[in-house]
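*Asks:* Once you've had a glance at the structure underneath, I'll fire off some questions.
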Amino acid sequence: MQFRRTLMEPLLQVDQLTVTFGGIVALRDVDLRVMSGRTTAILGPNGAGKTTLFNAVAGVVTPSSGRILLGDADISAERPSIRSKRGIARTFQITQPFSGLTVIENVMVAIVSRGVGMAEARDEAADYVDFVGLGAKLDAPARTLSTGQRKRLELARALATRPRLLLLDEVTGGVDRPSIPEILDLIRRLREERGITVLVVEHNMEVLFGLADDAIFLNRGEVVVRGSMQEVAEHDAVRRIYLGDGDA
Ligand SMILES: Nc1ncnc2c1ncn2[C@@H]1O[C@H](COP(=O)(O)OP(=O)(O)OP(=O)(O)O)[C@@H](O)[C@H]1O
Ligand SMILES: [Mg+2]
């Protein structure tokens with residue numbers, strides 16, 4: 001019975017979350033439950049509050065009200081570094097590698113900050129770099145990478161924190177079309193091989209259909225629709241926004 005209960009409980013639970021910036025309400029009373037081992041899409045037009053939701057979960061913006069739970073733990077008041085130690089990792093809409101460091105050094109930074117020694121960190125970093133398909137670029141300076149390669153490096157850096165919950169903000173944004181399927185394959189493998197629960201912000205519906213189980217659609221900071229990826233994609237409000245979008 002205990003086992004069954006664990007399976008039914010959400011890994012991440014967001015209750016009545018409100019975030020304001022001056023006079024702007026970026027999120028209003030947002031509720032979200034992310035089940036362990038599932039991939040959940042956060043949909044919505046520009047300015048809907050998707051990145052703000054990630055920032056609130058990661059702990060880099062302070063909500064004016066609401067609660068965030070990871071498993072049984074109320075993490076609402078915890079600093080980002082503590083949330084990272086608990087297993088929350090994220091990638092950024094605009095990638096932010098240390099451009100003067102090499103690929104492997106970028107990943108090592110995240111491992112060393114967990115308290116691991118240099119030699120061991122190098123071995124572990126090499127695994128993540130291989131996993132994301134950048135093995136040939138191990139010693140290349142991060143500034144020489146293409147957009148797609150930078151997105152892969154972001155993933156490797158996120159993996160280096162050993163996440164249970166991974167927040168991916170527009171991981172295919174700006175990536176050339178031929179490189180997208182490989183990145184999607186990587187994300188699927190995160191779940192299948194590493195058991196990581198994924199929350200994904202992504203504008204490309206085609207991409208999401210191959211990736212997400214569940215979805216919420218935000219508009220102006222409020223949840224308009226929630227359900228399976230299929231249900232949400234078929235909802236009128238969602239179709240209005242995404243149909244006619246040349247990228248979708
Ligand atoms: N640090 C900030 N200071 C002031 N306003 C902010 C800040 N971050 C976000 N906002 C505002 O909050 C609202 C939600 O922004 P957010 O970046 O979360 O949207 P988004 O859904 O990620 O959009 P996009 O698809 O363009 O990335 C917008 O009105 C935005 O201008
Ligand atoms: Mg955003």
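Following the order of the structure tokens, first chain is A, next is B, and so on, with residues numbered from 1 inside each chain and ligands from 1 in the order they appear.
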Distance table requested - chain A against ligand 2, cut-off 10 Å, only C-alpha atoms and all ligand atoms: one row per qualifying residue with the closest atom pair and its distance in Å to one decimal, ordered by chain and rising residue number, as a Markdown table.

*Replies:*
| residue | atom | partner | partner_atom_place_in_ligand_line | distance |
| --- | --- | --- | --- | --- |
| A:Gly44 | CA | ligand 2 | 1 (Mg) | 9.4 |
| A:Pro45 | CA | ligand 2 | 1 (Mg) | 9.2 |
| A:Asn46 | CA | ligand 2 | 1 (Mg) | 7.0 |
| A:Gly47 | CA | ligand 2 | 1 (Mg) | 7.0 |
| A:Ala48 | CA | ligand 2 | 1 (Mg) | 8.1 |
| A:Gly49 | CA | ligand 2 | 1 (Mg) | 7.0 |
| A:Lys50 | CA | ligand 2 | 1 (Mg) | 5.4 |
| A:Thr51 | CA | ligand 2 | 1 (Mg) | 4.1 |
| A:Thr52 | CA | ligand 2 | 1 (Mg) | 7.2 |
| A:Leu53 | CA | ligand 2 | 1 (Mg) | 9.2 |
| A:Phe54 | CA | ligand 2 | 1 (Mg) | 8.9 |
| A:Asn55 | CA | ligand 2 | 1 (Mg) | 9.9 |
| A:Phe92 | CA | ligand 2 | 1 (Mg) | 8.9 |
| A:Gln93 | CA | ligand 2 | 1 (Mg) | 6.5 |
| A:Ile94 | CA | ligand 2 | 1 (Mg) | 9.3 |
| A:Asp169 | CA | ligand 2 | 1 (Mg) | 6.9 |
| A:Glu170 | CA | ligand 2 | 1 (Mg) | 7.6 |
| A:Val201 | CA | ligand 2 | 1 (Mg) | 7.7 |
| A:Glu202 | CA | ligand 2 | 1 (Mg) | 9.1 |
| A:His203 | CA | ligand 2 | 1 (Mg) | 9.9 |

*Asks:* Filtering to all heavy atoms, could you give me those residues as a compact mmCIF listing (two decimals), in the first residue's frame?

*Replies:*
# COMPACT_ATOMS: atom_id res chain seq x y z
N GLY A 44 1.64 28.35 -23.47
CA GLY A 44 1.08 29.69 -23.33
C GLY A 44 1.80 30.69 -24.19
O GLY A 44 2.97 30.49 -24.53
N PRO A 45 1.10 31.77 -24.57
CA PRO A 45 1.72 32.78 -25.43
C PRO A 45 2.82 33.56 -24.71
O PRO A 45 3.00 33.40 -23.50
CB PRO A 45 0.54 33.71 -25.78
CG PRO A 45 -0.45 33.52 -24.69
CD PRO A 45 -0.28 32.11 -24.21
N ASN A 46 3.53 34.40 -25.43
CA ASN A 46 4.58 35.23 -24.84
C ASN A 46 4.00 36.03 -23.68
O ASN A 46 2.91 36.59 -23.78
CB ASN A 46 5.16 36.20 -25.88
CG ASN A 46 5.90 35.47 -26.98
OD1 ASN A 46 5.61 35.64 -28.15
ND2 ASN A 46 6.84 34.63 -26.62
N GLY A 47 4.74 36.04 -22.59
CA GLY A 47 4.31 36.81 -21.42
C GLY A 47 3.29 36.11 -20.54
O GLY A 47 2.80 36.69 -19.58
N ALA A 48 2.97 34.85 -20.85
CA ALA A 48 1.93 34.12 -20.10
C ALA A 48 2.36 33.82 -18.66
O ALA A 48 1.51 33.60 -17.79
CB ALA A 48 1.58 32.82 -20.81
N GLY A 49 3.67 33.76 -18.43
CA GLY A 49 4.15 33.47 -17.08
C GLY A 49 4.92 32.16 -16.96
O GLY A 49 5.24 31.70 -15.86
N LYS A 50 5.26 31.55 -18.10
CA LYS A 50 5.90 30.24 -18.10
C LYS A 50 7.27 30.27 -17.42
O LYS A 50 7.56 29.46 -16.54
CB LYS A 50 6.03 29.72 -19.55
CG LYS A 50 4.71 29.70 -20.31
CD LYS A 50 4.85 29.23 -21.75
CE LYS A 50 5.73 30.07 -22.65
NZ LYS A 50 5.19 31.42 -22.93
N THR A 51 8.10 31.21 -17.84
CA THR A 51 9.44 31.31 -17.24
C THR A 51 9.33 31.73 -15.77
O THR A 51 10.09 31.24 -14.92
CB THR A 51 10.31 32.31 -18.04
OG1 THR A 51 10.48 31.80 -19.37
CG2 THR A 51 11.68 32.49 -17.41
N THR A 52 8.38 32.59 -15.46
CA THR A 52 8.18 33.00 -14.07
C THR A 52 7.82 31.79 -13.19
O THR A 52 8.30 31.68 -12.06
CB THR A 52 7.07 34.07 -13.98
OG1 THR A 52 7.46 35.18 -14.80
CG2 THR A 52 6.85 34.54 -12.56
N LEU A 53 7.01 30.89 -13.73
CA LEU A 53 6.68 29.67 -12.98
C LEU A 53 7.95 28.87 -12.69
O LEU A 53 8.17 28.41 -11.56
CB LEU A 53 5.66 28.84 -13.78
CG LEU A 53 5.21 27.52 -13.18
CD1 LEU A 53 4.56 27.73 -11.80
CD2 LEU A 53 4.23 26.81 -14.11
N PHE A 54 8.80 28.71 -13.69
CA PHE A 54 10.07 28.01 -13.48
C PHE A 54 10.92 28.74 -12.43
O PHE A 54 11.51 28.11 -11.55
CB PHE A 54 10.86 27.91 -14.79
CG PHE A 54 10.44 26.76 -15.67
CD1 PHE A 54 9.29 26.04 -15.41
CD2 PHE A 54 11.24 26.38 -16.74
CE1 PHE A 54 8.91 24.98 -16.21
CE2 PHE A 54 10.88 25.31 -17.56
CZ PHE A 54 9.72 24.62 -17.30
N ASN A 55 10.99 30.06 -12.55
CA ASN A 55 11.79 30.84 -11.61
C ASN A 55 11.28 30.67 -10.18
O ASN A 55 12.07 30.61 -9.23
CB ASN A 55 11.79 32.32 -12.00
CG ASN A 55 12.66 32.59 -13.21
OD1 ASN A 55 13.55 31.80 -13.54
ND2 ASN A 55 12.41 33.69 -13.89
N PHE A 92 18.05 27.29 -19.12
CA PHE A 92 17.60 28.66 -19.34
C PHE A 92 17.16 28.86 -20.79
O PHE A 92 17.71 28.28 -21.71
CB PHE A 92 18.72 29.64 -18.99
CG PHE A 92 18.99 29.69 -17.51
CD1 PHE A 92 19.88 28.82 -16.92
CD2 PHE A 92 18.29 30.60 -16.71
CE1 PHE A 92 20.10 28.84 -15.54
CE2 PHE A 92 18.50 30.63 -15.35
CZ PHE A 92 19.41 29.76 -14.76
N GLN A 93 16.15 29.74 -20.93
CA GLN A 93 15.65 30.12 -22.26
C GLN A 93 16.82 30.70 -23.07
O GLN A 93 17.00 30.39 -24.24
CB GLN A 93 14.55 31.17 -22.06
CG GLN A 93 13.77 31.51 -23.29
CD GLN A 93 12.47 32.27 -22.93
OE1 GLN A 93 12.11 32.40 -21.75
NE2 GLN A 93 11.80 32.77 -23.93
N ILE A 94 17.62 31.55 -22.45
CA ILE A 94 18.85 32.06 -23.05
C ILE A 94 20.00 31.34 -22.35
O ILE A 94 20.14 31.47 -21.13
CB ILE A 94 19.01 33.58 -22.79
CG1 ILE A 94 17.69 34.30 -23.00
CG2 ILE A 94 20.20 34.15 -23.56
CD1 ILE A 94 17.46 35.01 -24.25
N ASP A 169 13.46 25.15 -20.25
CA ASP A 169 12.82 26.35 -20.81
C ASP A 169 13.25 26.52 -22.27
O ASP A 169 14.36 26.95 -22.56
CB ASP A 169 13.18 27.59 -19.98
CG ASP A 169 12.18 28.72 -20.18
OD1 ASP A 169 11.32 28.62 -21.10
OD2 ASP A 169 12.25 29.70 -19.43
N GLU A 170 12.34 26.18 -23.18
CA GLU A 170 12.55 26.33 -24.63
C GLU A 170 13.86 25.71 -25.08
O GLU A 170 14.73 26.37 -25.66
CB GLU A 170 12.47 27.81 -25.00
CG GLU A 170 11.14 28.39 -24.52
CD GLU A 170 10.69 29.60 -25.32
OE1 GLU A 170 11.31 29.89 -26.35
OE2 GLU A 170 9.71 30.20 -24.90
N VAL A 201 8.85 23.89 -21.14
CA VAL A 201 8.25 25.02 -21.84
C VAL A 201 8.73 24.94 -23.28
O VAL A 201 9.94 24.83 -23.52
CB VAL A 201 8.68 26.37 -21.23
CG1 VAL A 201 8.28 27.52 -22.15
CG2 VAL A 201 8.09 26.56 -19.86
N GLU A 202 7.79 24.97 -24.23
CA GLU A 202 8.18 24.76 -25.61
C GLU A 202 7.07 25.32 -26.49
O GLU A 202 5.90 25.09 -26.22
CB GLU A 202 8.36 23.24 -25.82
CG GLU A 202 8.52 22.78 -27.22
CD GLU A 202 9.79 23.32 -27.85
OE1 GLU A 202 10.87 23.09 -27.31
OE2 GLU A 202 9.66 23.99 -28.90
N HIS A 203 7.44 26.07 -27.52
CA HIS A 203 6.42 26.66 -28.39
C HIS A 203 6.01 25.75 -29.54
O HIS A 203 4.96 25.94 -30.13
CB HIS A 203 6.92 28.00 -28.95
CG HIS A 203 6.84 29.11 -27.97
ND1 HIS A 203 5.64 29.66 -27.58
CD2 HIS A 203 7.78 29.76 -27.26
CE1 HIS A 203 5.85 30.61 -26.69
NE2 HIS A 203 7.15 30.69 -26.47

*Asks:* Can you pull out the residues contacting range 10-12 of chain A? Cut-off 6 Å, using only C-alpha atoms, and skip same-chain residues under 3 positions away; I want them as JSON, numbers by chain.

*Replies:* {"A": [33, 34, 35, 36, 69, 70, 71]}

*Asks:* Mind dumping the selected residues with N, CA and C atoms as an mmCIF file, in the first residue's frame?

*Replies:*
data_model
loop_
_atom_site.group_PDB
_atom_site.id
_atom_site.type_symbol
_atom_site.label_atom_id
_atom_site.label_comp_id
_atom_site.auth_asym_id
_atom_site.auth_seq_id
_atom_site.Cartn_x
_atom_site.Cartn_y
_atom_site.Cartn_z
ATOM 1 N N ARG A 33 0.123 20.106 -10.361
ATOM 2 C CA ARG A 33 0.631 18.864 -9.785
ATOM 3 C C ARG A 33 1.388 18.115 -10.867
ATOM 4 N N VAL A 34 2.641 17.814 -10.596
ATOM 5 C CA VAL A 34 3.460 17.099 -11.569
ATOM 6 C C VAL A 34 3.745 15.723 -11.007
ATOM 7 N N MET A 35 3.219 14.689 -11.680
ATOM 8 C CA MET A 35 3.393 13.334 -11.185
ATOM 9 C C MET A 35 4.795 12.837 -11.511
ATOM 10 N N SER A 36 5.336 12.077 -10.583
ATOM 11 C CA SER A 36 6.680 11.537 -10.730
ATOM 12 C C SER A 36 6.799 10.697 -11.995
ATOM 13 N N LEU A 69 5.631 22.547 -3.000
ATOM 14 C CA LEU A 69 6.082 21.344 -2.308
ATOM 15 C C LEU A 69 6.868 20.466 -3.267
ATOM 16 N N LEU A 70 7.981 19.902 -2.785
ATOM 17 C CA LEU A 70 8.689 18.865 -3.534
ATOM 18 C C LEU A 70 8.563 17.595 -2.704
ATOM 19 N N GLY A 71 7.821 16.620 -3.245
ATOM 20 C CA GLY A 71 7.459 15.484 -2.420
ATOM 21 C C GLY A 71 6.657 16.001 -1.237
#

*Asks:* Give me, as a PyMOL selection string, the residues of chain A that a backbone DSSP run labels helix (DSSP H, G or I).

*Replies:* chain A and resi 2-8+50-58+80-86+103-112+118-131+135-137+142-144+147-159+177-194+205-209+229-234+236-242

*Asks:* Distance CA of Ile42 in chain A-CA of Pro163 in chain A, one decimal place?

*Replies:*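 So the answer is 19.0 Å.
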
*Asks:* Could you pull the residues within 12 Å of range 99-114 of chain A, counting only C-alpha atoms, minus those fewer than 2 positions along the same chain, as a ChimeraX atom specification?

*Replies:* /A:81-82,84-87,89,95-97,116-130,132-145,149-163

*Asks:* Which residues are near Thr20 in chain A? Cut-off 7 Å, only C-alpha atoms, ignore same chain within fewer than 6 positions. Put them as a list of chain:residue names.

*Replies:*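 Surrounding residues, per the criterion: A:Ala26, A:Leu27, A:Ser64.
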
*Asks:* Next, dump the selected residues to file, keeping only N, CA, C and O atoms, as a PDB file, in the first residue's frame.

*Replies:*
ATOM      1  N   ALA A  26       2.267  38.383 -12.810  1.00  0.00           N
ATOM      2  CA  ALA A  26       2.849  37.424 -13.760  1.00  0.00           C
ATOM      3  C   ALA A  26       2.212  36.050 -13.604  1.00  0.00           C
ATOM      4  O   ALA A  26       2.069  35.307 -14.579  1.00  0.00           O
ATOM      5  N   LEU A  27       1.829  35.689 -12.373  1.00  0.00           N
ATOM      6  CA  LEU A  27       1.104  34.438 -12.110  1.00  0.00           C
ATOM      7  C   LEU A  27       0.019  34.734 -11.089  1.00  0.00           C
ATOM      8  O   LEU A  27       0.272  35.452 -10.110  1.00  0.00           O
ATOM      9  N   SER A  64       4.265  36.252  -4.065  1.00  0.00           N
ATOM     10  CA  SER A  64       3.600  37.046  -3.026  1.00  0.00           C
ATOM     11  C   SER A  64       2.657  36.168  -2.216  1.00  0.00           C
ATOM     12  O   SER A  64       2.356  36.483  -1.065  1.00  0.00           O
TER      13      SER A  64
END

*Asks:* May I ask which of the residues A:Pro80, A:Gly195, A:Gly115, A:Gly221 is the closest one to ligand 1, counting only C-alpha atoms and all ligand atoms?

*Replies:*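 Counting only C-alpha atoms and all ligand atoms, the residue closest to ligand 1 is A:Gly221.
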
*Asks:* Point out the residue among A:Thr18, A:Ser146, A:Ser228, A:Thr39 with the least atom-to-atom distance to ligand 1, counting only C-alpha atoms and all ligand atoms.

*Replies:*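 Looking only at the distances to ligand 1, the closest residue turns out to be A:Thr18.
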
*Asks:* Please determine, counting only C-alpha atoms and all ligand atoms, which residue among A:Gln13, A:Gln230, A:Thr62, A:Ser179 has the shortest atom-to-atom distance to ligand 1.

*Replies:*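 The shortest atom-to-atom distance to ligand 1 comes from A:Thr62.
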
*Asks:* Find the spatial neighbours of Ser76 in chain A, counting only C-alpha atoms, within a cut-off of 10 Å - ignore same-chain residues fewer than 4 positions away - and output them as a list in words.

*Replies:* Val14, Ala56, Val57, Ala58, Gly59, Thr62, Pro63, Ser65, Gly66, Arg67, Ile68, Leu69, Leu70 and Arg83 of chain A

*Asks:* Selection from above, all heavy atoms, as a short mmCIF file (atom, residue, chain, number, x, y, z; two decimals), in the first residue's frame, can you write it?

*Replies:*
data_model
loop_
_atom_site.label_atom_id
_atom_site.label_comp_id
_atom_site.auth_asym_id
_atom_site.auth_seq_id
_atom_site.Cartn_x
_atom_site.Cartn_y
_atom_site.Cartn_z
N VAL A 14 2.30 22.75 -6.73
CA VAL A 14 2.26 24.21 -6.63
C VAL A 14 0.82 24.57 -6.25
O VAL A 14 -0.12 24.15 -6.93
CB VAL A 14 2.65 24.85 -7.98
CG1 VAL A 14 2.41 26.34 -7.97
CG2 VAL A 14 4.10 24.52 -8.33
N ALA A 56 9.97 30.62 -10.03
CA ALA A 56 9.39 30.46 -8.69
C ALA A 56 9.71 29.07 -8.14
O ALA A 56 10.04 28.92 -6.96
CB ALA A 56 7.88 30.70 -8.73
N VAL A 57 9.63 28.04 -9.00
CA VAL A 57 9.93 26.68 -8.54
C VAL A 57 11.41 26.55 -8.19
O VAL A 57 11.79 25.93 -7.19
CB VAL A 57 9.51 25.64 -9.60
CG1 VAL A 57 10.00 24.24 -9.22
CG2 VAL A 57 7.99 25.64 -9.78
N ALA A 58 12.27 27.19 -8.99
CA ALA A 58 13.72 27.14 -8.73
C ALA A 58 14.11 28.03 -7.54
O ALA A 58 15.19 27.88 -6.99
CB ALA A 58 14.49 27.55 -9.98
N GLY A 59 13.23 28.96 -7.20
CA GLY A 59 13.49 29.80 -6.02
C GLY A 59 14.16 31.13 -6.31
O GLY A 59 14.63 31.79 -5.40
N THR A 62 10.44 35.45 -5.73
CA THR A 62 9.69 35.23 -4.50
C THR A 62 8.21 35.49 -4.76
O THR A 62 7.83 36.60 -5.12
CB THR A 62 10.19 36.18 -3.40
OG1 THR A 62 11.60 36.00 -3.31
CG2 THR A 62 9.53 35.88 -2.07
N PRO A 63 7.38 34.47 -4.60
CA PRO A 63 5.94 34.65 -4.80
C PRO A 63 5.35 35.57 -3.73
O PRO A 63 5.88 35.64 -2.62
CB PRO A 63 5.37 33.24 -4.65
CG PRO A 63 6.54 32.32 -4.74
CD PRO A 63 7.72 33.08 -4.27
N SER A 65 2.19 35.07 -2.80
CA SER A 65 1.45 34.09 -1.99
C SER A 65 1.50 32.74 -2.68
O SER A 65 1.90 32.63 -3.84
CB SER A 65 0.01 34.54 -1.79
OG SER A 65 -0.63 34.69 -3.04
N GLY A 66 1.11 31.71 -1.93
CA GLY A 66 1.11 30.36 -2.47
C GLY A 66 2.19 29.50 -1.85
O GLY A 66 2.95 29.98 -1.00
N ARG A 67 2.24 28.25 -2.30
CA ARG A 67 3.08 27.26 -1.67
C ARG A 67 3.66 26.32 -2.73
O ARG A 67 2.96 26.00 -3.71
CB ARG A 67 2.16 26.44 -0.74
CG ARG A 67 2.79 25.89 0.51
CD ARG A 67 1.70 25.36 1.42
NE ARG A 67 0.93 24.31 0.76
CZ ARG A 67 0.67 23.12 1.29
NH1 ARG A 67 1.10 22.82 2.50
NH2 ARG A 67 -0.04 22.22 0.63
N ILE A 68 4.90 25.89 -2.52
CA ILE A 68 5.53 24.94 -3.45
C ILE A 68 6.05 23.76 -2.64
O ILE A 68 6.81 23.95 -1.68
CB ILE A 68 6.67 25.60 -4.24
CG1 ILE A 68 6.13 26.79 -5.05
CG2 ILE A 68 7.34 24.58 -5.17
CD1 ILE A 68 7.21 27.65 -5.68
N LEU A 69 5.63 22.55 -3.00
CA LEU A 69 6.08 21.34 -2.31
C LEU A 69 6.87 20.47 -3.27
O LEU A 69 6.47 20.30 -4.42
CB LEU A 69 4.90 20.52 -1.79
CG LEU A 69 3.87 21.18 -0.88
CD1 LEU A 69 2.79 20.18 -0.52
CD2 LEU A 69 4.53 21.70 0.38
N LEU A 70 7.98 19.90 -2.78
CA LEU A 70 8.69 18.87 -3.53
C LEU A 70 8.56 17.59 -2.70
O LEU A 70 9.09 17.52 -1.59
CB LEU A 70 10.16 19.24 -3.73
CG LEU A 70 10.92 18.29 -4.66
CD1 LEU A 70 10.47 18.44 -6.11
CD2 LEU A 70 12.44 18.50 -4.56
N ARG A 83 17.22 24.18 -2.94
CA ARG A 83 16.30 23.49 -3.85
C ARG A 83 17.09 22.64 -4.85
O ARG A 83 16.67 21.54 -5.21
CB ARG A 83 15.41 24.50 -4.59
CG ARG A 83 14.56 25.29 -3.62
CD ARG A 83 13.52 26.10 -4.32
NE ARG A 83 13.04 27.19 -3.48
CZ ARG A 83 11.92 27.87 -3.69
NH1 ARG A 83 11.16 27.59 -4.73
NH2 ARG A 83 11.56 28.83 -2.88
#

*Asks:* If you run DSSP on the backbone, which residues of range 20-172 of chain A are strand (DSSP E), as a PyMOL selection string?

*Replies:* chain A and resi 20-21+24-35+39-43+65-70+73-74+88-90+165-169

*Asks:* Interatomic distance between CA of Thr197 in chain A and atom 13 (C, counted along the ligand's line) of ligand 1?

*Replies:*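 Between CA of Thr197 in chain A and atom 13 (C, counted along the ligand's line) of ligand 1 the gap is 25.2 Å.
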
*Asks:* Near Val207 in chain A, counting only C-alpha atoms, which residues have an atom at most 9 Å away, once you skip same-chain residues fewer than 3 positions from it, shown as number ranges by chain?

*Replies:* A: 172, 180-181, 184, 202-204, 210-212, 248

*Asks:* Restrict the selected residues to N, CA, C and O atoms and save them as a PDB file, in the first residue's frame.

*Replies:*
ATOM      1  N   THR A 172      14.437  23.730 -27.425  1.00  0.00           N
ATOM      2  CA  THR A 172      14.694  23.686 -28.872  1.00  0.00           C
ATOM      3  C   THR A 172      14.670  25.084 -29.497  1.00  0.00           C
ATOM      4  O   THR A 172      14.836  25.227 -30.705  1.00  0.00           O
ATOM      5  N   ILE A 180      16.824  19.132 -33.948  1.00  0.00           N
ATOM      6  CA  ILE A 180      15.776  19.032 -32.918  1.00  0.00           C
ATOM      7  C   ILE A 180      15.455  17.583 -32.518  1.00  0.00           C
ATOM      8  O   ILE A 180      15.394  17.284 -31.330  1.00  0.00           O
ATOM      9  N   PRO A 181      15.285  16.656 -33.482  1.00  0.00           N
ATOM     10  CA  PRO A 181      14.926  15.284 -33.067  1.00  0.00           C
ATOM     11  C   PRO A 181      15.917  14.668 -32.090  1.00  0.00           C
ATOM     12  O   PRO A 181      15.514  13.963 -31.157  1.00  0.00           O
ATOM     13  N   LEU A 184      15.255  16.000 -28.635  1.00  0.00           N
ATOM     14  CA  LEU A 184      14.042  15.386 -28.084  1.00  0.00           C
ATOM     15  C   LEU A 184      14.315  13.977 -27.604  1.00  0.00           C
ATOM     16  O   LEU A 184      13.828  13.555 -26.547  1.00  0.00           O
ATOM     17  N   GLU A 202       7.787  24.969 -24.226  1.00  0.00           N
ATOM     18  CA  GLU A 202       8.177  24.761 -25.609  1.00  0.00           C
ATOM     19  C   GLU A 202       7.070  25.316 -26.485  1.00  0.00           C
ATOM     20  O   GLU A 202       5.899  25.086 -26.219  1.00  0.00           O
ATOM     21  N   HIS A 203       7.440  26.068 -27.524  1.00  0.00           N
ATOM     22  CA  HIS A 203       6.421  26.665 -28.386  1.00  0.00           C
ATOM     23  C   HIS A 203       6.010  25.754 -29.535  1.00  0.00           C
ATOM     24  O   HIS A 203       4.965  25.937 -30.131  1.00  0.00           O
ATOM     25  N   ASN A 204       6.871  24.788 -29.848  1.00  0.00           N
ATOM     26  CA  ASN A 204       6.642  23.942 -31.011  1.00  0.00           C
ATOM     27  C   ASN A 204       5.747  22.752 -30.640  1.00  0.00           C
ATOM     28  O   ASN A 204       6.147  21.843 -29.937  1.00  0.00           O
ATOM     29  N   GLY A 210       5.471  14.587 -29.184  1.00  0.00           N
ATOM     30  CA  GLY A 210       6.343  13.430 -29.008  1.00  0.00           C
ATOM     31  C   GLY A 210       6.941  13.344 -27.614  1.00  0.00           C
ATOM     32  O   GLY A 210       7.689  12.411 -27.320  1.00  0.00           O
ATOM     33  N   LEU A 211       6.625  14.311 -26.768  1.00  0.00           N
ATOM     34  CA  LEU A 211       7.383  14.437 -25.524  1.00  0.00           C
ATOM     35  C   LEU A 211       6.516  14.418 -24.273  1.00  0.00           C
ATOM     36  O   LEU A 211       6.828  13.735 -23.296  1.00  0.00           O
ATOM     37  N   ALA A 212       5.438  15.203 -24.283  1.00  0.00           N
ATOM     38  CA  ALA A 212       4.713  15.462 -23.038  1.00  0.00           C
ATOM     39  C   ALA A 212       3.536  14.507 -22.842  1.00  0.00           C
ATOM     40  O   ALA A 212       2.844  14.150 -23.794  1.00  0.00           O
ATOM     41  N   ALA A 248       4.590  26.087 -35.542  1.00  0.00           N
ATOM     42  CA  ALA A 248       3.945  24.965 -34.855  1.00  0.00           C
ATOM     43  C   ALA A 248       3.626  23.834 -35.810  1.00  0.00           C
ATOM     44  O   ALA A 248       3.690  23.997 -37.006  1.00  0.00           O
TER      45      ALA A 248
END

*Asks:* Between A:Val61, A:Leu208, A:Ala233, A:Ile216, which residue has the minimum interatomic distance to Leu43 in chain A, considering only C-alpha atoms?

*Replies:*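 Checking each candidate against Leu43 in chain A, we get A:Ile216 as the closest.
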